[in-house]
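Heads up: the structure comes next, in structure tokens.
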Amino acid sequence: MEESCTCGTVLVTGAMFCHMCGRNVRPLSNEVAAEPEPVVVEAEQFRAAAARLPLEIGFQNAAAVRVAAMIAAVGTLMGLLPMPALVFWKLVTLVAAGFVAVYVYHRRTGDLPSVRGGARIGWMTGMFSFLIALVMFVASAIALSSQGGLAATFRKQLISANGPSGELDELMKILESPMGMATLILTLVTILFLLFTALPMIGGALGAKVLEKE
């Protein structure tokens, strides 16, 4: 039986649409494609996922700041102990402060810092240690001002160590000038800053490496 379109055109057998008017004469498919459901991610899932991520190590990390400040204070007190090799002991305590700071941070937060993160915790610990040492240095300078100042103190220490000499007198003349004393203080502060930040960084990196292997 011939099929025809509503427009009166006789259709070819099995035609899907009218070749004259373009009208569909039968459905293309009996199945209706289901539209994909949109994926909805709740805000709580975002917050939960963000809470599981470890915080970046820095001064914006409250836990890292508390640990660094606490270990810096303890390390400074340990460095003041009257040990035979006082300078060597102080260097050891600086390295140990960075190492212990990483360990304490890991125990308190459960996060395992990377080697870079451990170095940052050590650097933060060193910064707090440097600030404590700087305050102590300024307090000592103020206390020595009533005893002739830093220049007189340096003279006494150098004479007791080396004895009087012409070179010592020339050095003291330089130190007694404002420019010479400012240069000496700036040099000492720079050396202290480098030591107090570099050594704890090494200790922090070592601490993170040790914890990584455990």
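Ordering of the structure tokens sets the chain letters (A, B, ...), residue numbers begin anew at 1 in every chain, and ligands are numbered from 1 in the order given.
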
Would you list the contacts of region 115-132 of chain A as a PyMOL selection string, taking every protein, DNA or RNA residue within 10 Å and counting only C-alpha atoms, but skipping same-chain residues closer than 4 positions in sequence?
chain A and resi 56-59+64-76+94-103+105-106+136-137+189+192-212

One decimal, in Å: what's the spacing between CA of Lys90 (chain A) and CA of Asn61 (chain A)?
27.5 Å

State, in Å with one decimal place, the distance from CA of Met179 (chain A) to CA of Val135 (chain A).
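Computing it gives 22.1 Å between the two atoms.
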